[in-house]
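So the structure is just underneath, and the comments pick up after that.
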Amino acid sequence: MGLAVWTRELFQTWGLAPEDDRAPRPETCVFCAKIAEAEKDPSAFAYVDKEIVVFRDWKPAARAHFLVCPRKHVTSARALTHRDAQLARRMLDVGERVVGDANANARADENENETNDGTVKTRFGYHLPPFNSVDHLHMHAFLLPFEPAWKERKYSVEPWARFAFEPAGETAHRLEREREARETKNSRL
């Protein structure tokens, strides 16, 4: 799946394919179908609003593992543009809130997810094509530690792994910079 999206996004970047319409595709996209369920039973989800839906990963890789998805069908983080800067920032903010709530609800006697100064260990990010398994934008939101520990490699934020997994804060910051650059350029015209 990720390879097909990667190829399409590459052609879109080169201007050889049209931009996606971002319409929901519940017949062909497992996440669009899952998001449609939020209308019927929002209590089955960690968070629901008019733009974003959050649910638990069905194969959690950490103490708490959520997927933060836009209702619009965006294929991946690479498909985001400067126009999506606010969406990327909101997804990160919502993910942080949901993970914070999960931590507050965790048993008080298990403090292995806290650092020595009492801050909670978390991670937020996106798999990038062709390394994504579902062709619908979703941000992984983790309350650490990873379980099992080797899963940390799949969601690594080390510089050598940025081709496969991009930290959500960097995504939002990159899009905000692109938006500001375009606004500055347009104000000069």
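Residue numbering restarts at 1 for every chain of the structure tokens, chains are lettered A, B, ... in their displayed order, and ligands are numbered from 1 as they appear.
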Per DSSP on the backbone, filter stretch 32-163 of chain A down to the residues in strand (DSSP E or B) and report them as an mmCIF file with N, CA and C atoms, in the first residue's frame.
data_model
loop_
_atom_site.group_PDB
_atom_site.id
_atom_site.type_symbol
_atom_site.label_atom_id
_atom_site.label_comp_id
_atom_site.auth_asym_id
_atom_site.auth_seq_id
_atom_site.Cartn_x
_atom_site.Cartn_y
_atom_site.Cartn_z
ATOM 1 N N TYR A 47 -11.278 10.205 21.203
ATOM 2 C CA TYR A 47 -11.556 11.622 20.942
ATOM 3 C C TYR A 47 -12.258 11.714 19.591
ATOM 4 N N VAL A 48 -13.258 12.591 19.513
ATOM 5 C CA VAL A 48 -13.991 12.816 18.265
ATOM 6 C C VAL A 48 -14.369 14.289 18.187
ATOM 7 N N ILE A 52 -11.179 15.710 13.522
ATOM 8 C CA ILE A 52 -10.220 14.678 13.945
ATOM 9 C C ILE A 52 -10.918 13.580 14.741
ATOM 10 N N VAL A 53 -10.445 12.347 14.547
ATOM 11 C CA VAL A 53 -10.927 11.188 15.299
ATOM 12 C C VAL A 53 -9.693 10.454 15.836
ATOM 13 N N VAL A 54 -9.764 10.018 17.093
ATOM 14 C CA VAL A 54 -8.652 9.292 17.719
ATOM 15 C C VAL A 54 -9.164 7.962 18.251
ATOM 16 N N PHE A 55 -8.420 6.902 17.940
ATOM 17 C CA PHE A 55 -8.768 5.584 18.461
ATOM 18 C C PHE A 55 -7.495 4.833 18.811
ATOM 19 N N ARG A 56 -7.661 3.795 19.619
ATOM 20 C CA ARG A 56 -6.510 2.976 20.011
ATOM 21 C C ARG A 56 -6.068 2.107 18.838
ATOM 22 N N ALA A 62 3.081 0.257 22.502
ATOM 23 C CA ALA A 62 3.555 0.921 23.715
ATOM 24 C C ALA A 62 2.487 0.792 24.797
ATOM 25 N N ARG A 63 2.813 1.315 25.937
ATOM 26 C CA ARG A 63 1.881 1.250 27.070
ATOM 27 C C ARG A 63 0.499 1.772 26.671
ATOM 28 N N ALA A 64 0.467 2.901 25.959
ATOM 29 C CA ALA A 64 -0.762 3.393 25.335
ATOM 30 C C ALA A 64 -0.375 3.830 23.925
ATOM 31 N N HIS A 65 -1.165 3.437 22.954
ATOM 32 C CA HIS A 65 -0.855 3.699 21.542
ATOM 33 C C HIS A 65 -2.142 4.100 20.834
ATOM 34 N N PHE A 66 -2.198 5.362 20.412
ATOM 35 C CA PHE A 66 -3.373 5.910 19.736
ATOM 36 C C PHE A 66 -3.029 6.306 18.316
ATOM 37 N N LEU A 67 -4.050 6.307 17.462
ATOM 38 C CA LEU A 67 -3.923 6.800 16.094
ATOM 39 C C LEU A 67 -4.810 8.031 15.971
ATOM 40 N N VAL A 68 -4.211 9.146 15.596
ATOM 41 C CA VAL A 68 -4.908 10.423 15.442
ATOM 42 C C VAL A 68 -5.101 10.632 13.945
ATOM 43 N N CYS A 69 -6.367 10.650 13.501
ATOM 44 C CA CYS A 69 -6.673 10.695 12.068
ATOM 45 C C CYS A 69 -7.558 11.885 11.710
ATOM 46 N N PRO A 70 -7.277 12.527 10.591
ATOM 47 C CA PRO A 70 -8.220 13.538 10.111
ATOM 48 C C PRO A 70 -9.409 12.840 9.464
ATOM 49 N N GLU A 114 7.855 7.642 33.365
ATOM 50 C CA GLU A 114 8.283 8.978 33.754
ATOM 51 C C GLU A 114 9.799 9.049 33.815
ATOM 52 N N VAL A 120 6.570 12.912 31.601
ATOM 53 C CA VAL A 120 6.106 11.664 30.997
ATOM 54 C C VAL A 120 6.797 11.467 29.649
ATOM 55 N N THR A 122 6.821 10.363 25.985
ATOM 56 C CA THR A 122 5.845 10.198 24.909
ATOM 57 C C THR A 122 6.572 10.246 23.574
ATOM 58 N N ARG A 123 5.866 9.888 22.516
ATOM 59 C CA ARG A 123 6.395 10.033 21.156
ATOM 60 C C ARG A 123 5.209 10.198 20.221
ATOM 61 N N PHE A 124 5.375 11.088 19.235
ATOM 62 C CA PHE A 124 4.327 11.379 18.262
ATOM 63 C C PHE A 124 4.968 11.443 16.880
ATOM 64 N N GLY A 125 4.362 10.766 15.899
ATOM 65 C CA GLY A 125 4.939 10.837 14.570
ATOM 66 C C GLY A 125 4.146 10.100 13.519
ATOM 67 N N TYR A 126 4.658 10.217 12.298
ATOM 68 C CA TYR A 126 4.014 9.651 11.114
ATOM 69 C C TYR A 126 4.979 8.716 10.391
ATOM 70 N N HIS A 127 4.477 7.547 9.971
ATOM 71 C CA HIS A 127 5.237 6.729 9.033
ATOM 72 C C HIS A 127 5.122 7.377 7.668
ATOM 73 N N MET A 139 -1.420 9.891 12.725
ATOM 74 C CA MET A 139 -0.286 10.178 13.588
ATOM 75 C C MET A 139 -0.298 9.178 14.736
ATOM 76 N N HIS A 140 0.826 8.543 14.966
ATOM 77 C CA HIS A 140 0.964 7.647 16.109
ATOM 78 C C HIS A 140 1.228 8.485 17.345
ATOM 79 N N ALA A 141 0.504 8.217 18.418
ATOM 80 C CA ALA A 141 0.661 8.914 19.690
ATOM 81 C C ALA A 141 0.918 7.859 20.759
ATOM 82 N N PHE A 142 2.102 7.915 21.354
ATOM 83 C CA PHE A 142 2.526 6.885 22.295
ATOM 84 C C PHE A 142 2.728 7.424 23.696
ATOM 85 N N LEU A 143 2.288 6.642 24.669
ATOM 86 C CA LEU A 143 2.713 6.785 26.057
ATOM 87 C C LEU A 143 3.717 5.656 26.247
ATOM 88 N N LEU A 144 4.963 6.000 26.465
ATOM 89 C CA LEU A 144 6.035 5.001 26.516
ATOM 90 C C LEU A 144 6.092 4.345 27.900
ATOM 91 N N PRO A 145 6.689 3.211 28.050
ATOM 92 C CA PRO A 145 7.670 2.593 27.177
ATOM 93 C C PRO A 145 7.031 1.761 26.071
ATOM 94 N N PHE A 146 7.872 1.444 25.073
ATOM 95 C CA PHE A 146 7.429 0.544 24.022
ATOM 96 C C PHE A 146 7.331 -0.864 24.582
#
Might you pull out every residue within 12 Å of A:Thr7, with only C-alpha atoms counted and same-chain residues fewer than 6 positions away left off, and present them as an mmCIF file with C-alpha atoms, in the first residue's frame?
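Generated file (selection23.cif):
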data_model
loop_
_atom_site.group_PDB
_atom_site.id
_atom_site.type_symbol
_atom_site.label_atom_id
_atom_site.label_comp_id
_atom_site.auth_asym_id
_atom_site.auth_seq_id
_atom_site.Cartn_x
_atom_site.Cartn_y
_atom_site.Cartn_z
ATOM 1 C CA MET A 1 0.000 0.000 0.000
ATOM 2 C CA THR A 13 4.993 16.541 -6.667
ATOM 3 C CA TRP A 14 6.230 16.551 -10.263
ATOM 4 C CA LEU A 16 2.166 14.620 -13.419
ATOM 5 C CA ALA A 17 -0.866 13.603 -11.353
ATOM 6 C CA THR A 75 -2.961 9.738 2.024
ATOM 7 C CA SER A 76 0.116 10.450 4.162
ATOM 8 C CA ARG A 78 4.037 13.654 2.586
ATOM 9 C CA ALA A 79 0.718 14.712 1.037
ATOM 10 C CA PRO A 129 5.556 6.144 2.306
ATOM 11 C CA PRO A 130 6.470 3.493 1.407
#
Original post:
If you measure from atom CA of A:Ala172 to atom CA of A:Gly95, what distance in Å do you get, rounded to one decimal?
Top reply: 12.9 Å
**OP:** Check chain A with DSSP on the backbone and list each residue it calls helix (DSSP H, G or I), as a count of residues only.
**Re:** 81
**OP:** Grab the atom CA of A:His73 to atom CA of A:Arg22 distance for me, in Å with one decimal place.
**Re:** 4.5 Å
Tell me, as a PDB file with all heavy atoms, in the first residue's frame, which residues lie within 8 Å of A:Arg83, counting only C-alpha atoms; anything in the same chain fewer than 3 positions away does not count.
ATOM      1  N   LEU A  80       0.710  16.292   2.900  1.00  0.00           N
ATOM      2  CA  LEU A  80       0.347  17.542   3.555  1.00  0.00           C
ATOM      3  C   LEU A  80       1.079  18.709   2.897  1.00  0.00           C
ATOM      4  O   LEU A  80       2.240  18.570   2.504  1.00  0.00           O
ATOM      5  CB  LEU A  80       0.704  17.491   5.045  1.00  0.00           C
ATOM      6  CG  LEU A  80      -0.069  16.480   5.878  1.00  0.00           C
ATOM      7  CD1 LEU A  80       0.533  16.370   7.283  1.00  0.00           C
ATOM      8  CD2 LEU A  80      -1.535  16.851   5.955  1.00  0.00           C
ATOM      9  N   GLN A  86      -2.224  24.034  10.032  1.00  0.00           N
ATOM     10  CA  GLN A  86      -3.105  24.070  11.207  1.00  0.00           C
ATOM     11  C   GLN A  86      -3.600  22.665  11.557  1.00  0.00           C
ATOM     12  O   GLN A  86      -3.671  22.305  12.737  1.00  0.00           O
ATOM     13  CB  GLN A  86      -4.283  25.004  10.955  1.00  0.00           C
ATOM     14  CG  GLN A  86      -5.155  25.190  12.170  1.00  0.00           C
ATOM     15  CD  GLN A  86      -6.284  26.180  11.927  1.00  0.00           C
ATOM     16  OE1 GLN A  86      -6.431  26.731  10.847  1.00  0.00           O
ATOM     17  NE2 GLN A  86      -7.092  26.394  12.945  1.00  0.00           N
ATOM     18  N   LEU A 175       5.530  22.525   8.011  1.00  0.00           N
ATOM     19  CA  LEU A 175       4.363  23.069   7.307  1.00  0.00           C
ATOM     20  C   LEU A 175       4.095  24.516   7.705  1.00  0.00           C
ATOM     21  O   LEU A 175       3.722  25.333   6.857  1.00  0.00           O
ATOM     22  CB  LEU A 175       3.139  22.198   7.574  1.00  0.00           C
ATOM     23  CG  LEU A 175       3.218  20.774   7.025  1.00  0.00           C
ATOM     24  CD1 LEU A 175       2.054  19.944   7.540  1.00  0.00           C
ATOM     25  CD2 LEU A 175       3.282  20.767   5.513  1.00  0.00           C
ATOM     26  N   ARG A 179       4.059  27.678   5.182  1.00  0.00           N
ATOM     27  CA  ARG A 179       2.922  28.604   5.134  1.00  0.00           C
ATOM     28  C   ARG A 179       3.396  30.049   5.312  1.00  0.00           C
ATOM     29  O   ARG A 179       3.001  30.941   4.561  1.00  0.00           O
ATOM     30  CB  ARG A 179       1.887  28.246   6.195  1.00  0.00           C
ATOM     31  CG  ARG A 179       0.632  29.143   6.141  1.00  0.00           C
ATOM     32  CD  ARG A 179      -0.302  28.906   7.299  1.00  0.00           C
ATOM     33  NE  ARG A 179       0.396  29.249   8.534  1.00  0.00           N
ATOM     34  CZ  ARG A 179       0.152  28.696   9.711  1.00  0.00           C
ATOM     35  NH1 ARG A 179      -0.765  27.771   9.835  1.00  0.00           N
ATOM     36  NH2 ARG A 179       0.822  29.063  10.777  1.00  0.00           N
TER      37      ARG A 179
END
**OP:** Considering only C-alpha atoms, state which residue in the set A:Phe11, A:Met91, A:Arg174, A:Lys40 is at the smallest distance from A:His138.
**Re:**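 Distance minimum relative to A:His138 lands on A:Met91.
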Subject >> Option closest in space to A:Arg89, from A:Glu183, A:Gly169, A:Cys29, A:Glu9 [counting only C-alpha atoms] >> reply: A:Gly169
